Amino acid sequence: MSLKQTFKVEPKGALQGSIRVPGDKSISHRTIIMGAIAEGTTHVKGFLEGEDSLATLEAFRAMGVVISEPNNGSLNIQGVGLHGLQAPQHDLDMGNSGTAMRLLTGLLAAQSFSSVLVGDESLSTRPMNRVTDPLITMGAHIDLEEGRLAPIRISPAQLEAINYEMPVASAQVKSCLLLASLYVNGSSSITEPAPCRNHTELMLQGFGYPLQVRENKVEIKGGGKLKACDIDIPADISSAAFFLVGASIAPGSDLTLKHVGMNPTRIGVINILRAMGANIECLREYEAGGEAVADIRVRYAPLHGITIPVEQVPLAIDEFPALFIAAACAKGITTLSGAEELRVKESDRIQAMADGLAILGVRHEVKTDGIIITGSTISGGEIDSKGDHRIAMAFTIAALAAEQSITILECNNVATSFPGFAELVRTSGIDIRVSES
Ligand code: S3P
């Protein structure tokens with residue numbers, strides 16, 4: 001059995017300096033997937049060497065794709081073309097990663113071989129029928145546990161085009177269906193109820209694959225080709241978010257985050273923090289590989305509570321654990337609604353955060369689809385992260401505003417999205433100790 005990691009974080013401190021957080025997780029997954037089914041060799045910089053994106057990388061190696069060993073975020077993928085993947089000799093283990101499992105299900109449903117996707121305890125409780133239901137409508141042959149859970153068992157099928165109106169704003173569902181649609185005769189369309197991250201659409205275009213985006217609808221025709229290209233993956237705004245909040249709540253902070261992905265479908269955290277009074281400045285805005293990028297400077301500023309605009313929710317969906325800490329430190333009340341999706345992430349993030357806030361003495365009221373948080377004095381204590389990487393990181397930065405130390409249990413999964421997190425927060429000004437038992 002592997003050892004369990006605990007973080008012990010001393011109170012107070014300030015974040016200072018200039019840092020670059022690891023590569024974007026969503027873009028790293030998509031880079032491996034599209035590089036693998038492209039024609040030619042794709043050269044990549046900035047790849048996230050975290051457990052989630054490495055699970056995707058290993059899955060494609062298991063399907064015969066030659067991928068060089070990542071070296072400081074650089075790697076090469078020798079694409080095999082749309083029809084060049086080989087049957088894996090074992091189950092494909094997606095670990096903790098919902099993105100890996102849901103995107104690969106779309107791609108594998110269209111292959112001429114069978115496959116089985118498995119995941120860890122958390123992933124095995126997350127709803128997979130949101131991707132398999134529309135895939136089955138397309139003609140896919142898929143079996144799930146209890147009709148909705150992994151393991152996902154896929155048998156070969158010729159898929160047909162679909163016109164699908166997504167019931168939830170999910171980039172994973174959209175991306176799954178776009179990948180499946182590469183293999184159909186004819187055109188598919190996918191309509192989203194609200195804008196959500198569009199990295200799949202941008203990257204398909206970057207690989208030379210035509211598609212049309214009109215308002216909230218993507219149309220794509222099967223049977224084309226992806227052509228290998230060079231990809232420069234920006235730093236992950238979802239990882240930067242912990243530092244944006246940390247610097248905002250800790251007096252004396254002045255921190256620059258370099259080369260951060262600023263795709264408009266991902267910057268809800270900046271919009272929300274600015275509405276709360278945060279001092280966040282974009283120093284240099286530019287483009288890398290079709291994605292908006294910037295260096296961001298964040299300085300301490302007193303925050304105030306707000307009602308979070310509901311249209312910002314999908315644009316900040318992974319950043320709410322960090323934003324709940326901002327709300328706990330803000331003057332007044334912050335209200336979040338329309339965020340029931342948080343209940344089916346790596347943990348039930350509304351409940352996991354509420355449990356931790358209760359231990360720290362932060363006043364709050366849990367709702368089915370959100371939470372109301374009243375800015376409070378943050379005490380200290382022992383918090384169960386429920387094995388969720390973002391819960392662990394959110395309570396780490398909470399220590400910057402706490403009265404006593406905070407101990408966070410079950411931190412191993414921080415490595416799924418943010419390898420080197422403890423070292424980076426330590427060099428930026430947080431007194432953190434990592435222990436294993
Ligand atoms: C992701 C989409 C989001 C997000 C996840 C990454 C992606 O999930 O929470 O961390 O890369 O497409 P949903 O599609 O379930 O909202």
# chains A, B, ... in the order shown; residues from 1 in each chain; ligands from 1

$ residues_near_ligand --ligand "ligand 1" --cutoff "7 Å" --atoms "only C-alpha atoms and all ligand atoms" --output "ChimeraX atom specification"
/A:25-26,99,169-173,175,197,314,317-318,345

$ write_last_selection --atoms "C-alpha atoms" --output "CSV table (one decimal), in the first residue's frame"
chain,number,residue,atom,x,y,z
A,25,LYS,CA,-4.0,19.8,-17.7
A,26,SER,CA,-6.9,20.1,-20.2
A,99,THR,CA,-11.1,14.1,-18.6
A,169,ALA,CA,-22.3,22.6,-19.8
A,170,SER,CA,-19.5,20.0,-20.0
A,171,ALA,CA,-16.4,20.4,-22.1
A,172,GLN,CA,-15.7,16.7,-21.4
A,173,VAL,CA,-19.0,15.7,-23.0
A,175,SER,CA,-14.9,16.9,-26.5
A,197,ARG,CA,-13.8,25.4,-22.3
A,314,PRO,CA,-18.6,27.1,-16.1
A,317,ILE,CA,-15.7,25.4,-12.6
A,318,ASP,CA,-12.4,24.0,-11.3
A,345,LYS,CA,-16.0,16.3,-9.4

$ closest_residue --among "A:Leu82, A:Ala110, A:Leu48, A:Leu273" --to "Ile27 in chain A" --atoms "only C-alpha atoms"
A:Leu48

$ closest_residue --among "A:Gly73, A:Pro156, A:Pro251, A:Gly50" --to "Leu400 in chain A" --atoms "only C-alpha atoms"
A:Pro251

$ atom_distance --atom1 "CA of Ala14 in chain A" --atom2 "CA of Ser428 in chain A"
7.8 Å

$ select_by_dssp --residues "range 329-404 of chain A" --states "alpha helix (DSSP H)" --output "PyMOL selection string"
chain A and resi 329+349-359+389-398

$ write_last_selection --atoms "N, CA, C and O atoms" --output "mmCIF file, in the first residue's frame"
data_model
loop_
_atom_site.group_PDB
_atom_site.id
_atom_site.type_symbol
_atom_site.label_atom_id
_atom_site.label_comp_id
_atom_site.auth_asym_id
_atom_site.auth_seq_id
_atom_site.Cartn_x
_atom_site.Cartn_y
_atom_site.Cartn_z
ATOM 1 N N CYS A 329 -12.294 34.843 3.313
ATOM 2 C CA CYS A 329 -11.444 35.966 3.762
ATOM 3 C C CYS A 329 -12.044 37.317 3.392
ATOM 4 O O CYS A 329 -11.476 38.356 3.749
ATOM 5 N N ARG A 349 -17.401 18.647 -4.158
ATOM 6 C CA ARG A 349 -16.588 19.793 -3.720
ATOM 7 C C ARG A 349 -17.362 20.796 -2.870
ATOM 8 O O ARG A 349 -16.750 21.534 -2.099
ATOM 9 N N ILE A 350 -18.688 20.824 -2.989
ATOM 10 C CA ILE A 350 -19.444 21.722 -2.113
ATOM 11 C C ILE A 350 -19.341 21.182 -0.687
ATOM 12 O O ILE A 350 -18.985 21.901 0.244
ATOM 13 N N GLN A 351 -19.584 19.881 -0.521
ATOM 14 C CA GLN A 351 -19.565 19.303 0.822
ATOM 15 C C GLN A 351 -18.156 19.239 1.393
ATOM 16 O O GLN A 351 -17.941 19.557 2.572
ATOM 17 N N ALA A 352 -17.186 18.846 0.555
ATOM 18 C CA ALA A 352 -15.800 18.727 1.057
ATOM 19 C C ALA A 352 -15.292 20.083 1.531
ATOM 20 O O ALA A 352 -14.653 20.191 2.585
ATOM 21 N N MET A 353 -15.593 21.152 0.795
ATOM 22 C CA MET A 353 -15.150 22.491 1.216
ATOM 23 C C MET A 353 -15.925 22.935 2.449
ATOM 24 O O MET A 353 -15.349 23.515 3.371
ATOM 25 N N ALA A 354 -17.243 22.656 2.475
ATOM 26 C CA ALA A 354 -18.051 23.060 3.628
ATOM 27 C C ALA A 354 -17.528 22.382 4.895
ATOM 28 O O ALA A 354 -17.400 23.018 5.941
ATOM 29 N N ASP A 355 -17.175 21.092 4.798
ATOM 30 C CA ASP A 355 -16.656 20.377 5.977
ATOM 31 C C ASP A 355 -15.373 21.032 6.475
ATOM 32 O O ASP A 355 -15.178 21.214 7.674
ATOM 33 N N GLY A 356 -14.494 21.394 5.544
ATOM 34 C CA GLY A 356 -13.232 22.041 5.933
ATOM 35 C C GLY A 356 -13.464 23.443 6.486
ATOM 36 O O GLY A 356 -12.855 23.830 7.493
ATOM 37 N N LEU A 357 -14.358 24.202 5.870
ATOM 38 C CA LEU A 357 -14.647 25.561 6.354
ATOM 39 C C LEU A 357 -15.220 25.497 7.765
ATOM 40 O O LEU A 357 -14.916 26.344 8.615
ATOM 41 N N ALA A 358 -16.045 24.484 8.024
ATOM 42 C CA ALA A 358 -16.629 24.342 9.369
ATOM 43 C C ALA A 358 -15.518 24.151 10.393
ATOM 44 O O ALA A 358 -15.534 24.770 11.468
ATOM 45 N N ILE A 359 -14.527 23.336 10.064
ATOM 46 C CA ILE A 359 -13.420 23.100 11.010
ATOM 47 C C ILE A 359 -12.641 24.396 11.259
ATOM 48 O O ILE A 359 -12.188 24.672 12.364
ATOM 49 N N HIS A 389 -7.355 16.698 -5.075
ATOM 50 C CA HIS A 389 -6.185 17.582 -5.209
ATOM 51 C C HIS A 389 -6.520 19.043 -4.976
ATOM 52 O O HIS A 389 -5.802 19.768 -4.279
ATOM 53 N N ARG A 390 -7.649 19.501 -5.521
ATOM 54 C CA ARG A 390 -7.933 20.936 -5.416
ATOM 55 C C ARG A 390 -8.429 21.326 -4.013
ATOM 56 O O ARG A 390 -8.235 22.455 -3.586
ATOM 57 N N ILE A 391 -9.045 20.391 -3.301
ATOM 58 C CA ILE A 391 -9.432 20.679 -1.908
ATOM 59 C C ILE A 391 -8.157 20.815 -1.071
ATOM 60 O O ILE A 391 -8.024 21.741 -0.249
ATOM 61 N N ALA A 392 -7.200 19.914 -1.298
ATOM 62 C CA ALA A 392 -5.937 19.963 -0.541
ATOM 63 C C ALA A 392 -5.213 21.293 -0.797
ATOM 64 O O ALA A 392 -4.720 21.938 0.130
ATOM 65 N N MET A 393 -5.163 21.716 -2.054
ATOM 66 C CA MET A 393 -4.420 22.948 -2.372
ATOM 67 C C MET A 393 -5.159 24.186 -1.865
ATOM 68 O O MET A 393 -4.542 25.156 -1.418
ATOM 69 N N ALA A 394 -6.488 24.150 -1.906
ATOM 70 C CA ALA A 394 -7.269 25.304 -1.426
ATOM 71 C C ALA A 394 -7.002 25.530 0.063
ATOM 72 O O ALA A 394 -6.762 26.668 0.496
ATOM 73 N N PHE A 395 -7.004 24.453 0.865
ATOM 74 C CA PHE A 395 -6.793 24.646 2.307
ATOM 75 C C PHE A 395 -5.327 24.962 2.632
ATOM 76 O O PHE A 395 -5.037 25.547 3.673
ATOM 77 N N THR A 396 -4.424 24.610 1.722
ATOM 78 C CA THR A 396 -3.025 25.020 1.919
ATOM 79 C C THR A 396 -2.922 26.538 1.886
ATOM 80 O O THR A 396 -2.316 27.159 2.761
ATOM 81 N N ILE A 397 -3.565 27.165 0.885
ATOM 82 C CA ILE A 397 -3.432 28.628 0.788
ATOM 83 C C ILE A 397 -4.276 29.331 1.850
ATOM 84 O O ILE A 397 -3.978 30.465 2.229
ATOM 85 N N ALA A 398 -5.297 28.633 2.381
ATOM 86 C CA ALA A 398 -6.104 29.234 3.457
ATOM 87 C C ALA A 398 -5.234 29.569 4.655
ATOM 88 O O ALA A 398 -5.505 30.526 5.396
#

$ closest_residue --among "A:Val184, A:Val310, A:Ala250, A:Val362" --to "Gln16 in chain A" --atoms "only C-alpha atoms"
A:Ala250
